[in-house]
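Participant: Please find query_8.txt (compact mmCIF, C-alpha atoms) on the next line:
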# COMPACT_ATOMS: atom_id res chain seq x y z
CA MET A 1 -1.51 40.11 4.56
CA THR A 2 -0.63 36.52 5.54
CA GLU A 3 -2.29 33.84 3.40
CA SER A 4 -4.60 31.54 5.37
CA VAL A 5 -4.11 27.76 5.24
CA LEU A 6 -7.42 27.37 3.41
CA ASP A 7 -6.45 29.98 0.80
CA TYR A 8 -3.03 28.35 0.40
CA MET A 9 -4.52 24.87 -0.10
CA THR A 10 -7.13 26.24 -2.49
CA ARG A 11 -4.33 27.80 -4.54
CA LEU A 12 -2.50 24.45 -4.63
CA GLY A 13 -5.70 22.64 -5.57
CA ARG A 14 -6.54 25.03 -8.41
CA ALA A 15 -2.99 24.79 -9.77
CA ALA A 16 -3.08 20.98 -9.55
CA ARG A 17 -6.39 20.84 -11.45
CA GLU A 18 -4.95 22.98 -14.25
CA ALA A 19 -1.72 20.94 -14.31
CA SER A 20 -3.64 17.65 -14.42
CA ARG A 21 -4.94 18.52 -17.89
CA ILE A 22 -1.37 18.95 -19.09
CA THR A 23 -0.11 15.79 -17.36
CA ALA A 24 -2.99 13.78 -18.83
CA ARG A 25 -1.88 14.60 -22.37
CA ALA A 26 1.88 14.37 -21.71
CA THR A 27 3.68 11.81 -23.86
CA THR A 28 5.28 8.72 -22.37
CA ALA A 29 8.70 10.10 -23.36
CA GLN A 30 7.98 13.39 -21.61
CA LYS A 31 6.94 11.66 -18.37
CA ASN A 32 9.93 9.32 -18.48
CA ASN A 33 12.29 12.25 -19.14
CA ALA A 34 10.92 14.00 -16.05
CA LEU A 35 11.46 10.89 -13.92
CA LEU A 36 15.01 10.33 -15.17
CA ALA A 37 15.89 14.02 -14.77
CA ALA A 38 14.58 13.91 -11.19
CA ALA A 39 16.77 10.85 -10.55
CA ARG A 40 19.82 12.77 -11.79
CA ALA A 41 18.85 15.74 -9.63
CA LEU A 42 18.59 13.49 -6.53
CA ASP A 43 22.00 12.03 -7.28
CA ALA A 44 23.52 15.49 -7.58
CA ALA A 45 21.82 16.73 -4.40
CA ARG A 46 22.94 13.99 -2.01
CA GLU A 47 24.74 16.40 0.29
CA ALA A 48 21.76 18.78 0.47
CA LEU A 49 19.39 15.85 1.12
CA ILE A 50 21.52 14.52 3.98
CA GLU A 51 21.83 18.03 5.43
CA ALA A 52 18.06 18.63 5.30
CA ASN A 53 17.38 15.20 6.78
CA ALA A 54 19.87 15.84 9.60
CA GLN A 55 17.80 18.88 10.55
CA ASP A 56 14.63 16.75 10.67
CA LEU A 57 16.38 14.06 12.73
CA ALA A 58 17.70 16.66 15.21
CA ASN A 59 14.23 18.16 15.57
CA GLY A 60 12.76 14.69 15.96
CA ARG A 61 15.15 13.80 18.79
CA ALA A 62 14.42 17.12 20.49
CA ASN A 63 10.68 16.38 20.21
CA GLY A 64 11.07 12.92 21.69
CA LEU A 65 10.50 10.72 18.61
CA ASP A 66 11.26 7.07 19.39
CA GLU A 67 14.03 5.13 17.65
CA ALA A 68 11.66 3.30 15.30
CA MET A 69 10.22 6.62 14.08
CA LEU A 70 13.70 8.11 13.71
CA ASP A 71 14.77 5.08 11.67
CA ARG A 72 11.81 5.56 9.29
CA LEU A 73 12.69 9.25 9.03
CA ALA A 74 16.39 8.76 8.24
CA LEU A 75 17.69 9.28 4.69
CA THR A 76 20.79 7.10 4.47
CA PRO A 77 22.96 6.91 1.33
CA ALA A 78 21.39 3.50 0.65
CA ARG A 79 17.87 4.94 0.86
CA ILE A 80 18.81 7.74 -1.50
CA ASP A 81 20.12 5.05 -3.87
CA ASP A 82 16.76 3.28 -3.56
CA MET A 83 14.85 6.47 -4.38
CA ILE A 84 16.98 7.04 -7.48
CA GLU A 85 16.54 3.43 -8.58
CA GLY A 86 12.79 3.69 -7.91
CA LEU A 87 12.48 6.62 -10.31
CA ARG A 88 14.43 4.75 -12.97
CA GLN A 89 12.29 1.64 -12.52
CA VAL A 90 9.03 3.54 -12.86
CA ALA A 91 10.39 5.11 -16.06
CA THR A 92 10.79 1.60 -17.51
CA LEU A 93 7.21 0.52 -16.69
CA PRO A 94 4.67 0.37 -19.52
CA ASP A 95 2.56 3.54 -19.71
CA PRO A 96 -1.09 2.56 -19.12
CA ILE A 97 -2.56 5.84 -20.38
CA GLY A 98 -4.31 5.80 -23.72
CA THR A 99 -4.43 2.02 -24.13
CA ILE A 100 -7.71 0.83 -25.62
CA ARG A 101 -9.15 -2.62 -24.99
CA ASP A 102 -12.17 -4.72 -25.89
CA MET A 103 -12.93 -2.91 -29.15
CA ARG A 104 -15.86 -4.59 -30.87
CA TYR A 105 -18.37 -3.90 -33.62
CA LEU A 106 -22.00 -3.74 -32.56
CA PRO A 107 -25.04 -4.44 -34.81
CA SER A 108 -25.49 -0.70 -35.33
CA GLY A 109 -22.07 -0.57 -37.00
CA ILE A 110 -20.30 1.48 -34.29
CA GLN A 111 -17.14 0.25 -32.57
CA VAL A 112 -17.11 0.41 -28.77
CA GLY A 113 -14.14 -0.06 -26.44
CA LYS A 114 -12.56 1.20 -23.23
CA MET A 115 -9.61 3.59 -22.94
CA ARG A 116 -7.44 3.95 -19.83
CA VAL A 117 -7.26 7.52 -18.48
CA PRO A 118 -5.78 9.25 -15.41
CA LEU A 119 -7.88 9.86 -12.30
CA GLY A 120 -6.91 13.55 -12.34
CA VAL A 121 -5.58 15.03 -9.09
CA ILE A 122 -4.43 12.68 -6.32
CA GLY A 123 -3.80 13.85 -2.76
CA ILE A 124 -1.31 11.75 -0.79
CA ILE A 125 -1.15 12.12 3.00
CA TYR A 126 1.67 10.25 4.73
CA GLU A 127 3.88 10.15 7.79
CA SER A 128 7.60 10.12 8.54
CA ARG A 129 9.13 8.26 5.55
CA PRO A 130 10.54 10.88 3.13
CA ASN A 131 11.05 8.24 0.42
CA VAL A 132 7.23 8.11 0.03
CA THR A 133 7.54 11.56 -1.58
CA ILE A 134 9.45 9.98 -4.47
CA ASP A 135 7.31 6.81 -4.66
CA ALA A 136 4.07 8.78 -4.78
CA ALA A 137 5.30 11.48 -7.15
CA SER A 138 6.74 8.99 -9.64
CA LEU A 139 3.66 6.76 -9.80
CA CYS A 140 1.24 9.68 -10.05
CA LEU A 141 3.29 11.34 -12.78
CA LYS A 142 3.75 8.16 -14.85
CA SER A 143 0.00 7.47 -14.66
CA GLY A 144 -0.75 10.96 -15.99
CA ASN A 145 -2.03 12.47 -12.75
CA ALA A 146 -1.16 15.65 -10.90
CA THR A 147 -0.51 15.18 -7.19
CA ILE A 148 -0.49 17.14 -3.96
CA LEU A 149 1.80 15.56 -1.35
CA ARG A 150 1.33 16.25 2.34
CA GLY A 151 4.10 14.54 4.30
CA GLY A 152 4.50 14.44 8.05
CA SER A 153 5.69 17.62 9.77
CA GLU A 154 8.64 15.66 11.18
CA ALA A 155 10.05 15.26 7.61
CA ILE A 156 9.33 18.77 6.30
CA HIS A 157 12.95 19.72 5.49
CA SER A 158 13.67 16.37 3.82
CA ASN A 159 10.49 16.59 1.75
CA ARG A 160 11.28 20.11 0.62
CA ALA A 161 14.74 19.03 -0.53
CA ILE A 162 13.29 16.05 -2.40
CA ALA A 163 10.57 18.25 -3.93
CA ALA A 164 13.25 20.58 -5.33
CA CYS A 165 14.72 17.62 -7.23
CA ILE A 166 11.31 16.61 -8.56
CA GLN A 167 10.66 20.19 -9.69
CA GLN A 168 13.97 20.20 -11.54
CA GLY A 169 12.97 17.01 -13.34
CA LEU A 170 9.58 18.46 -14.33
CA ALA A 171 11.22 21.64 -15.64
CA GLU A 172 13.71 19.69 -17.77
CA ALA A 173 10.84 17.74 -19.33
CA GLY A 174 8.80 20.87 -20.03
CA LEU A 175 6.05 20.02 -17.54
CA PRO A 176 4.56 22.54 -15.07
CA ALA A 177 5.76 22.57 -11.48
CA ALA A 178 2.17 22.10 -10.29
CA CYS A 179 2.18 18.51 -11.62
CA VAL A 180 3.80 17.56 -8.29
CA GLN A 181 3.31 19.90 -5.33
CA VAL A 182 4.57 19.31 -1.79
CA VAL A 183 2.56 21.09 0.90
CA GLU A 184 4.95 23.53 2.54
CA THR A 185 3.00 24.21 5.74
CA THR A 186 3.07 21.88 8.74
CA ASP A 187 -0.28 23.21 9.95
CA ARG A 188 -2.64 20.24 10.48
CA ALA A 189 -5.46 22.30 9.00
CA ALA A 190 -3.86 21.65 5.59
CA VAL A 191 -4.96 18.01 5.79
CA GLY A 192 -8.53 19.01 6.59
CA ALA A 193 -8.56 21.34 3.60
CA LEU A 194 -7.01 18.79 1.21
CA ILE A 195 -9.58 16.09 1.96
CA ALA A 196 -12.50 18.49 1.54
CA MET A 197 -11.82 19.88 -1.95
CA PRO A 198 -13.73 17.63 -4.39
CA GLU A 199 -13.70 20.44 -6.92
CA PHE A 200 -9.90 20.13 -7.15
CA VAL A 201 -8.98 16.67 -5.80
CA ASP A 202 -10.29 13.39 -7.27
CA VAL A 203 -8.97 10.85 -4.78
CA ILE A 204 -7.05 10.77 -1.47
CA VAL A 205 -4.51 8.10 -0.54
CA PRO A 206 -3.53 8.08 3.16
CA ARG A 207 -0.38 6.22 4.17
CA GLY A 208 0.32 5.99 7.86
CA GLY A 209 -0.99 4.77 11.18
CA LYS A 210 -4.51 3.57 11.85
CA SER A 211 -5.54 6.81 13.60
CA LEU A 212 -4.55 8.89 10.57
CA ILE A 213 -6.41 6.64 8.13
CA GLU A 214 -9.51 6.51 10.35
CA ARG A 215 -9.57 10.30 10.51
CA ILE A 216 -9.18 10.68 6.75
CA SER A 217 -11.86 8.06 6.04
CA ARG A 218 -14.26 9.72 8.47
CA ASP A 219 -13.80 13.33 7.40
CA ALA A 220 -12.97 13.19 3.69
CA ARG A 221 -15.38 14.58 1.10
CA VAL A 222 -13.19 13.04 -1.60
CA PRO A 223 -13.03 9.27 -2.37
CA VAL A 224 -10.32 7.49 -0.35
CA ILE A 225 -8.10 4.51 -1.34
CA LYS A 226 -6.96 2.91 1.91
CA HIS A 227 -6.63 -0.01 4.26
CA LEU A 228 -6.96 0.26 8.03
CA ASP A 229 -5.39 -2.93 9.41
CA GLY A 230 -3.12 -5.71 8.28
CA ILE A 231 -4.43 -8.65 10.28
CA CYS A 232 -3.03 -11.35 8.00
CA HIS A 233 -3.43 -15.13 8.46
CA VAL A 234 -1.67 -18.28 7.39
CA TYR A 235 -3.79 -21.45 7.59
CA ILE A 236 -1.95 -24.78 7.63
CA ASP A 237 -4.37 -27.31 6.19
CA HIS A 238 -4.62 -31.01 7.09
CA ALA A 239 -3.17 -31.73 3.61
CA ALA A 240 -0.17 -29.42 4.00
CA ASP A 241 3.40 -30.38 3.15
CA LEU A 242 5.23 -29.99 6.49
CA ASP A 243 8.41 -28.50 5.05
CA LYS A 244 6.46 -25.91 3.06
CA ALA A 245 4.25 -25.13 6.05
CA ILE A 246 7.19 -24.50 8.38
CA ARG A 247 9.12 -22.45 5.82
CA VAL A 248 6.16 -20.25 4.88
CA ALA A 249 4.82 -19.74 8.43
CA ASP A 250 8.30 -18.78 9.62
CA ASN A 251 8.86 -16.28 6.80
CA ALA A 252 5.37 -14.78 7.00
CA LYS A 253 5.99 -13.79 10.63
CA THR A 254 9.72 -13.23 11.08
CA GLN A 255 11.06 -11.86 7.78
CA ARG A 256 9.97 -8.43 9.06
CA TYR A 257 7.61 -7.62 11.93
CA ALA A 258 6.33 -4.13 11.09
CA PRO A 259 4.86 -4.34 7.56
CA CYS A 260 1.12 -4.62 7.05
CA ASN A 261 1.51 -7.93 5.16
CA THR A 262 3.17 -9.76 8.07
CA MET A 263 1.20 -12.71 9.50
CA GLU A 264 -0.42 -11.90 12.85
CA THR A 265 -2.48 -15.10 13.37
CA LEU A 266 -1.51 -18.68 12.53
CA LEU A 267 -4.35 -21.18 12.08
CA VAL A 268 -3.56 -24.91 12.12
CA HIS A 269 -5.79 -27.89 11.35
CA GLU A 270 -6.03 -30.19 14.38
CA ALA A 271 -5.00 -33.23 12.28
CA ILE A 272 -1.55 -31.77 11.63
CA ALA A 273 -1.04 -29.53 14.69
CA ALA A 274 1.03 -32.03 16.71
CA ARG A 275 3.50 -32.39 13.85
CA VAL A 276 3.84 -28.79 12.72
CA LEU A 277 3.44 -26.62 15.82
CA PRO A 278 6.34 -27.92 17.99
CA PRO A 279 9.04 -27.33 15.31
CA LEU A 280 7.50 -23.98 14.43
CA ALA A 281 7.38 -22.93 18.09
CA GLU A 282 11.07 -23.81 18.41
CA ILE A 283 11.87 -21.48 15.49
CA TYR A 284 9.71 -18.67 16.87
CA ARG A 285 11.18 -18.95 20.37
CA ALA A 286 14.72 -18.85 18.98
CA LYS A 287 13.83 -15.60 17.20
CA GLY A 288 12.23 -14.04 20.29
CA VAL A 289 8.61 -14.24 19.13
CA GLU A 290 6.06 -14.22 21.93
CA LEU A 291 3.36 -16.85 21.37
CA ARG A 292 -0.28 -16.51 22.41
CA GLY A 293 -2.51 -19.49 21.83
CA CYS A 294 -5.87 -21.20 22.22
CA PRO A 295 -6.19 -24.03 24.80
CA ALA A 296 -5.28 -26.69 22.21
CA THR A 297 -2.15 -24.75 21.24
CA ARG A 298 -1.08 -24.36 24.88
CA ALA A 299 -1.66 -28.07 25.50
CA LEU A 300 0.76 -28.86 22.66
CA LEU A 301 3.39 -26.19 23.29
CA GLY A 302 3.44 -25.63 27.05
CA THR A 303 2.45 -23.02 29.58
CA ASP A 304 5.03 -20.48 28.40
CA VAL A 305 2.52 -19.79 25.60
CA ARG A 306 0.21 -17.07 26.89
CA GLU A 307 -3.52 -17.67 26.69
CA ALA A 308 -4.89 -15.82 23.68
CA SER A 309 -7.69 -13.37 24.45
CA GLU A 310 -10.52 -12.32 22.16
CA ASP A 311 -8.58 -9.10 21.51
CA ASP A 312 -5.58 -11.06 20.19
CA TRP A 313 -7.57 -12.34 17.21
CA HIS A 314 -8.42 -8.71 16.34
CA THR A 315 -4.89 -7.32 16.78
CA GLU A 316 -2.27 -6.19 14.27
CA TYR A 317 0.82 -6.44 16.45
CA ASN A 318 3.53 -5.03 14.13
CA ALA A 319 5.82 -6.77 16.62
CA PRO A 320 7.33 -10.21 17.43
CA ILE A 321 4.02 -11.50 18.82
CA LEU A 322 1.96 -14.25 17.19
CA ALA A 323 -1.53 -15.57 17.95
CA ILE A 324 -2.09 -19.28 17.21
CA ARG A 325 -5.37 -21.16 16.94
CA VAL A 326 -6.03 -24.85 16.26
CA VAL A 327 -9.17 -25.39 14.15
CA ASP A 328 -11.09 -28.52 13.27
CA SER A 329 -11.78 -27.82 9.59
CA LEU A 330 -11.15 -25.65 6.56
CA GLU A 331 -14.58 -24.13 7.14
CA ALA A 332 -13.60 -23.08 10.67
CA ALA A 333 -10.38 -21.50 9.38
CA MET A 334 -12.21 -19.50 6.71
CA GLU A 335 -14.88 -18.44 9.17
CA HIS A 336 -12.17 -17.18 11.56
CA ILE A 337 -10.41 -15.26 8.77
CA ASN A 338 -13.56 -13.64 7.42
CA HIS A 339 -14.68 -12.68 10.93
CA TYR A 340 -11.42 -11.44 12.48
CA GLY A 341 -9.34 -10.54 9.45
CA SER A 342 -8.94 -7.13 7.84
CA HIS A 343 -9.41 -8.31 4.23
CA HIS A 344 -5.73 -7.64 3.53
CA THR A 345 -3.78 -10.87 2.85
CA ASP A 346 -4.42 -14.48 3.83
CA ALA A 347 -2.71 -17.72 2.81
CA ILE A 348 -3.39 -21.46 2.86
CA ILE A 349 -0.70 -24.13 2.94
CA THR A 350 -2.10 -27.27 1.35
CA GLU A 351 -1.52 -29.95 -1.27
CA SER A 352 -5.27 -30.35 -1.75
CA PHE A 353 -6.50 -28.73 -4.97
CA THR A 354 -10.07 -28.76 -3.67
CA ASP A 355 -9.17 -27.01 -0.40
CA ALA A 356 -7.00 -24.49 -2.22
CA ARG A 357 -9.79 -23.61 -4.65
CA ARG A 358 -12.33 -23.23 -1.84
CA PHE A 359 -9.94 -20.97 0.07
CA LEU A 360 -9.40 -18.77 -3.00
CA THR A 361 -13.13 -18.52 -3.59
CA GLU A 362 -14.43 -18.08 -0.06
CA VAL A 363 -11.81 -15.95 1.73
CA ASP A 364 -12.82 -12.32 1.22
CA SER A 365 -9.44 -10.57 1.14
CA SER A 366 -7.63 -8.33 -1.34
CA SER A 367 -4.83 -10.91 -1.71
CA VAL A 368 -5.38 -14.66 -1.22
CA MET A 369 -2.43 -17.03 -1.53
CA ILE A 370 -1.68 -20.74 -1.89
CA ASN A 371 1.60 -22.09 -0.48
CA ALA A 372 3.26 -18.66 -0.34
CA SER A 373 4.21 -16.17 2.37
CA THR A 374 1.90 -13.23 3.00
CA ARG A 375 5.01 -11.03 2.76
CA PHE A 376 4.66 -11.17 -1.04
CA ALA A 377 1.60 -8.86 -0.89
CA ASP A 378 3.49 -5.87 -2.19
CA GLY A 379 3.47 -3.85 -5.40
CA PHE A 380 7.10 -4.56 -6.25
CA GLU A 381 6.70 -8.31 -5.61
CA TYR A 382 3.54 -8.36 -7.76
CA GLY A 383 5.46 -6.90 -10.69
CA LEU A 384 3.79 -3.49 -10.46
CA GLY A 385 7.19 -1.77 -10.13
CA ALA A 386 6.06 0.01 -6.98
CA GLU A 387 2.86 0.82 -5.14
CA ILE A 388 1.09 3.89 -3.83
CA GLY A 389 -0.44 1.78 -1.05
CA ILE A 390 -2.71 -1.20 -0.48
CA SER A 391 -6.48 -1.05 -0.74
CA THR A 392 -8.87 -3.37 1.07
CA ASP A 393 -11.88 -1.61 -0.43
CA LYS A 394 -13.93 -3.37 -3.10
CA LEU A 395 -14.62 -0.41 -5.36
CA HIS A 396 -12.05 0.81 -7.89
CA ALA A 397 -8.68 -0.57 -6.73
CA ARG A 398 -8.11 -3.61 -4.49
CA GLY A 399 -4.80 -4.97 -3.18
CA PRO A 400 -1.46 -3.27 -3.99
CA VAL A 401 -2.19 -0.11 -5.99
CA GLY A 402 0.28 0.50 -8.81
CA LEU A 403 0.05 2.52 -12.01
CA GLU A 404 -3.18 0.93 -13.22
CA GLY A 405 -4.83 1.53 -9.84
CA LEU A 406 -4.23 5.27 -10.33
CA THR A 407 -6.22 5.26 -13.56
CA SER A 408 -9.79 4.74 -14.66
CA GLU A 409 -11.44 3.79 -17.93
CA LYS A 410 -13.87 5.57 -20.20
CA TYR A 411 -15.90 4.19 -23.09
CA VAL A 412 -14.76 5.25 -26.55
CA VAL A 413 -16.95 4.94 -29.64
CA PHE A 414 -15.78 4.94 -33.27
CA GLY A 415 -18.30 5.64 -36.00
CA ASP A 416 -18.44 6.89 -39.58
CA GLY A 417 -21.43 9.19 -39.56
CA HIS A 418 -23.56 6.67 -37.69
CA VAL A 419 -26.89 7.87 -36.32
CA ARG A 420 -29.30 6.06 -34.05
CA THR A 421 -32.62 5.07 -35.57
If you took the structure in this file and wrote it as structure tokens, what would it be?
Facilitator:
Amino acid sequence: MTESVLDYMTRLGRAAREASRITARATTAQKNNALLAAARALDAAREALIEANAQDLANGRANGLDEAMLDRLALTPARIDDMIEGLRQVATLPDPIGTIRDMRYLPSGIQVGKMRVPLGVIGIIYESRPNVTIDAASLCLKSGNATILRGGSEAIHSNRAIAACIQQGLAEAGLPAACVQVVETTDRAAVGALIAMPEFVDVIVPRGGKSLIERISRDARVPVIKHLDGICHVYIDHAADLDKAIRVADNAKTQRYAPCNTMETLLVHEAIAARVLPPLAEIYRAKGVELRGCPATRALLGTDVREASEDDWHTEYNAPILAIRVVDSLEAAMEHINHYGSHHTDAIITESFTDARRFLTEVDSSSVMINASTRFADGFEYGLGAEIGISTDKLHARGPVGLEGLTSEKYVVFGDGHVRT
């Protein structure tokens, strides 16, 4: 009798729950040994990885995947190197599990503190990029969690080959295979089952397009760590240093167009607009960036700047398109960001301490920056080693989610026969 998708996912969930108890008590050395052994297995399996990926790429072309999707799907030798290095880097990160903080004696004589513990079982749902399999597995394992990984159907052969290397690493470290499980079926019903198993899964992390994340957020019966949009802003204040402003606004838009931390809207104070916008527009035009602006922007830069619509202020382009708005005050800039932004990453360029402090305090985003490119909003750049994703929620984790974001805390109490009177 063929196993149903629901039965299959239930089996994975039950195995993950049992494995999570073992992973939670695994030593740092054991977890690091598993990561390093998996890195060695990846290195030894390069030919098999390329062969499996070639099958996915051929299927993708036959199914009409566009070039951008095929590029994300491809496992080049350099990307395999990056996966191996990623495993080694996570092995060097401090282990957060078991650390105790804020221990203090209370009048009753007991000691109370907080200890960092794993979340339990983490479900990761992602699209196209096979390297996410390694990123997610390594972070979940190092933080003492078991994980169920459901990659995109277009990368199924690549993910299976990568999973074999992870399983080898777990076996060498004496950890059960169910610590990291890759969903073998491409049936979409597997996602529906994974997000509706609170008895087995403690949190879901979706990584992919907006439609995927909206669906997961809408249908999940398990808590979700996610962000929907990356509508990021740079605001050039009246007290900005021109050189810094031009350098940062250029980098925030053109260093890469697709990531969620790329600037999509540039806000400029009217007192500095005439000095900063023309040289910036020259840079953007030379790099092929289409400009869309408010009336004041078009008056300064010319009619080749398209008139920005209301939709432009709401749009994450992921492309060489930039919306520009001239504002009359810091208050107007912050109001625009808090209204149109996605609470992801926003930056101010200013030499005014007062304006910088107000921006930090009043802009309601998961990352707020002073005189720095929004492109720094990334787990690696924040010194987290890597990230499982970025959260714009306010509960539990916010911003890039690294090892600590995959843990929780519980109160611990030390006594010596103390009783409450």
Participant: Which of these, A:Ile162, A:Val268, A:Ala91, A:Ile122, has the shortest distance to His336 in chain A once you count only C-alpha atoms?
Facilitator: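 Of A:Ile162, A:Val268, A:Ala91, A:Ile122, the one nearest His336 in chain A is A:Val268, counting only C-alpha atoms.
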Participant: For the interface of range 100-138 of chain A with range 382-388 of chain A (cut-off 10 Å, counting all atoms listed in the file), please tabulate each contacting residue of range 100-138 of chain A alongside its nearest pair of atoms and their separation in Å to one decimal, rows sorted by chain and increasing number, as a Markdown table.
Facilitator:
| residue | atom | partner | partner_atom | distance |
| --- | --- | --- | --- | --- |
| A:Ile124 | CA | A:Ile388 | CA | 8.8 |
| A:Val132 | CA | A:Ile388 | CA | 8.4 |
| A:Asp135 | CA | A:Ile388 | CA | 6.9 |
| A:Ala136 | CA | A:Ile388 | CA | 5.8 |
| A:Ala137 | CA | A:Ile388 | CA | 9.3 |
| A:Ser138 | CA | A:Ala386 | CA | 9.4 |
Participant: Can you pull out the residues contacting Gly389 in chain A? Cut-off 8 Å, using all atoms listed in the file, and skip same-chain residues under 5 positions away; I want them as number ranges by chain.
Facilitator: A: 205, 207, 226, 400-402
Participant: With all atoms listed in the file as the atoms that count, which of A:His233, A:Arg104, A:Arg215, A:Arg160 lies nearest to Ile348 in chain A?
Facilitator: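 So, comparing all the options, the nearest one is A:His233.
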Participant: Which residue gives the smallest distance to Arg285 in chain A among A:Gly417, A:Gly144, A:Pro259, A:Pro320, with only C-alpha atoms counted?
Facilitator: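 The answer is A:Pro320, which sits nearest to Arg285 in chain A.
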Participant: In Å, rounded to a single decimal, give me how far CA of Phe380 in chain A is from CA of Asp56 in chain A.
Facilitator: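 Pair CA of Asp56 in chain A / CA of Phe380 in chain A returns 28.2 Å.
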Participant: Which of these residues is nearest to Val222 in chain A, using only C-alpha atoms: A:Leu242, A:Trp313, A:Gly123, A:Arg116?
Facilitator: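 The shortest atom-to-atom distance to Val222 in chain A comes from A:Gly123.
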Participant: Any idea what's packed within 9 Å of Arg247 in chain A, counting only C-alpha atoms, ignoring anything in its chain fewer than 4 positions away? Could you give it as a list in words?
Facilitator: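 The filter keeps Leu242, Asp243, Asn251, Ala252, Leu280 and Ser373 of chain A.
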Participant: Give me the residues within 8 Å of range 105-115 of chain A as a PyMOL selection string, counting only C-alpha atoms and dropping any in the same chain fewer than 6 places off.
Facilitator: chain A and resi 97-99+409-416+418+420
Participant: Let me see the file: selected residues, C-alpha atoms, as a PDB file, keeping the file's coordinate frame.
Facilitator:
ATOM      1  CA  ILE A  97      -2.560   5.840 -20.380  1.00  0.00           C
ATOM      2  CA  GLY A  98      -4.310   5.800 -23.720  1.00  0.00           C
ATOM      3  CA  THR A  99      -4.430   2.020 -24.130  1.00  0.00           C
ATOM      4  CA  GLU A 409     -11.440   3.790 -17.930  1.00  0.00           C
ATOM      5  CA  LYS A 410     -13.870   5.570 -20.200  1.00  0.00           C
ATOM      6  CA  TYR A 411     -15.900   4.190 -23.090  1.00  0.00           C
ATOM      7  CA  VAL A 412     -14.760   5.250 -26.550  1.00  0.00           C
ATOM      8  CA  VAL A 413     -16.950   4.940 -29.640  1.00  0.00           C
ATOM      9  CA  PHE A 414     -15.780   4.940 -33.270  1.00  0.00           C
ATOM     10  CA  GLY A 415     -18.300   5.640 -36.000  1.00  0.00           C
ATOM     11  CA  ASP A 416     -18.440   6.890 -39.580  1.00  0.00           C
ATOM     12  CA  HIS A 418     -23.560   6.670 -37.690  1.00  0.00           C
ATOM     13  CA  ARG A 420     -29.300   6.060 -34.050  1.00  0.00           C
TER      14      ARG A 420
END
Participant: For Asn32 in chain A, which of A:Glu172, A:Asp187, A:Asp393, A:Asp311 is the closest residue, counting all atoms listed in the file?
Facilitator: A:Glu172
Participant: Which residue, A:Thr76, A:Asn53, A:Thr185, A:Gln89, has the smallest gap to Ala161 in chain A when you use all atoms listed in the file?
Facilitator: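 Between A:Thr76, A:Asn53, A:Thr185, A:Gln89, the residue approaching Ala161 in chain A most closely is A:Asn53.
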Participant: Could you jot down the CA of Arg40 in chain A to CA of Asp82 in chain A separation for me, Å, one decimal place?
Facilitator: 12.9 Å
Participant: I'd like the contact shell of Val121 in chain A - 12 Å cut-off, only C-alpha atoms, skipping same-chain residues fewer than 2 positions apart - returned as number ranges by chain.
Facilitator: A: 12-24, 118-119, 123-124, 137, 140-141, 143-149, 178-181, 194-195, 197-205, 222-223, 406-407
Participant: To one decimal in Å, tell me the separation between CA of Met103 in chain A and CA of Thr421 in chain A.
Facilitator: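 Interatomic distance here is 22.2 Å.
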Participant: List every protein, DNA or RNA residue that has an atom no more than 8 Å from (-9.8, -7.7, 0.9) in the file's coordinate frame, counting all atoms listed in the file, and report them as a list in words.
Facilitator: Ser342, His343, His344, Thr345, Asp364, Ser365, Ser366, Ser367, Ser391, Thr392, Asp393, Lys394, Arg398 and Gly399 of chain A
Participant: Would you write out those residues with C-alpha atoms, as a JSON list (two decimals), in the coordinates of the input?
Facilitator:
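The resulting file, part.json, is reproduced below:
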[["chain", "number", "residue", "atom", "x", "y", "z"],
["A", 342, "SER", "CA", -8.94, -7.13, 7.84],
["A", 343, "HIS", "CA", -9.41, -8.31, 4.23],
["A", 344, "HIS", "CA", -5.73, -7.64, 3.53],
["A", 345, "THR", "CA", -3.78, -10.87, 2.85],
["A", 364, "ASP", "CA", -12.82, -12.32, 1.22],
["A", 365, "SER", "CA", -9.44, -10.57, 1.14],
["A", 366, "SER", "CA", -7.63, -8.33, -1.34],
["A", 367, "SER", "CA", -4.83, -10.91, -1.71],
["A", 391, "SER", "CA", -6.48, -1.05, -0.74],
["A", 392, "THR", "CA", -8.87, -3.37, 1.07],
["A", 393, "ASP", "CA", -11.88, -1.61, -0.43],
["A", 394, "LYS", "CA", -13.93, -3.37, -3.10],
["A", 398, "ARG", "CA", -8.11, -3.61, -4.49],
["A", 399, "GLY", "CA", -4.80, -4.97, -3.18]]
Participant: Determine, counting all atoms listed in the file, which protein, DNA and RNA residues have an atom within 12 Å of an atom of Glu290 in chain A; residues of the same chain fewer than 3 positions away are not included. Present the result as an MDAnalysis selection string.
Facilitator: chainID A and resid 253:254 264 281:287 293 304:308 317 319:324
Participant: Just C-alpha atoms for this one: save the residues we selected as a compact mmCIF listing (two decimals), in the frame of the given file.
Facilitator:
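The new file again10.txt reads:
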# COMPACT_ATOMS: atom_id res chain seq x y z
CA LYS A 253 5.99 -13.79 10.63
CA THR A 254 9.72 -13.23 11.08
CA GLU A 264 -0.42 -11.90 12.85
CA ALA A 281 7.38 -22.93 18.09
CA GLU A 282 11.07 -23.81 18.41
CA ILE A 283 11.87 -21.48 15.49
CA TYR A 284 9.71 -18.67 16.87
CA ARG A 285 11.18 -18.95 20.37
CA ALA A 286 14.72 -18.85 18.98
CA LYS A 287 13.83 -15.60 17.20
CA GLY A 293 -2.51 -19.49 21.83
CA ASP A 304 5.03 -20.48 28.40
CA VAL A 305 2.52 -19.79 25.60
CA ARG A 306 0.21 -17.07 26.89
CA GLU A 307 -3.52 -17.67 26.69
CA ALA A 308 -4.89 -15.82 23.68
CA TYR A 317 0.82 -6.44 16.45
CA ALA A 319 5.82 -6.77 16.62
CA PRO A 320 7.33 -10.21 17.43
CA ILE A 321 4.02 -11.50 18.82
CA LEU A 322 1.96 -14.25 17.19
CA ALA A 323 -1.53 -15.57 17.95
CA ILE A 324 -2.09 -19.28 17.21
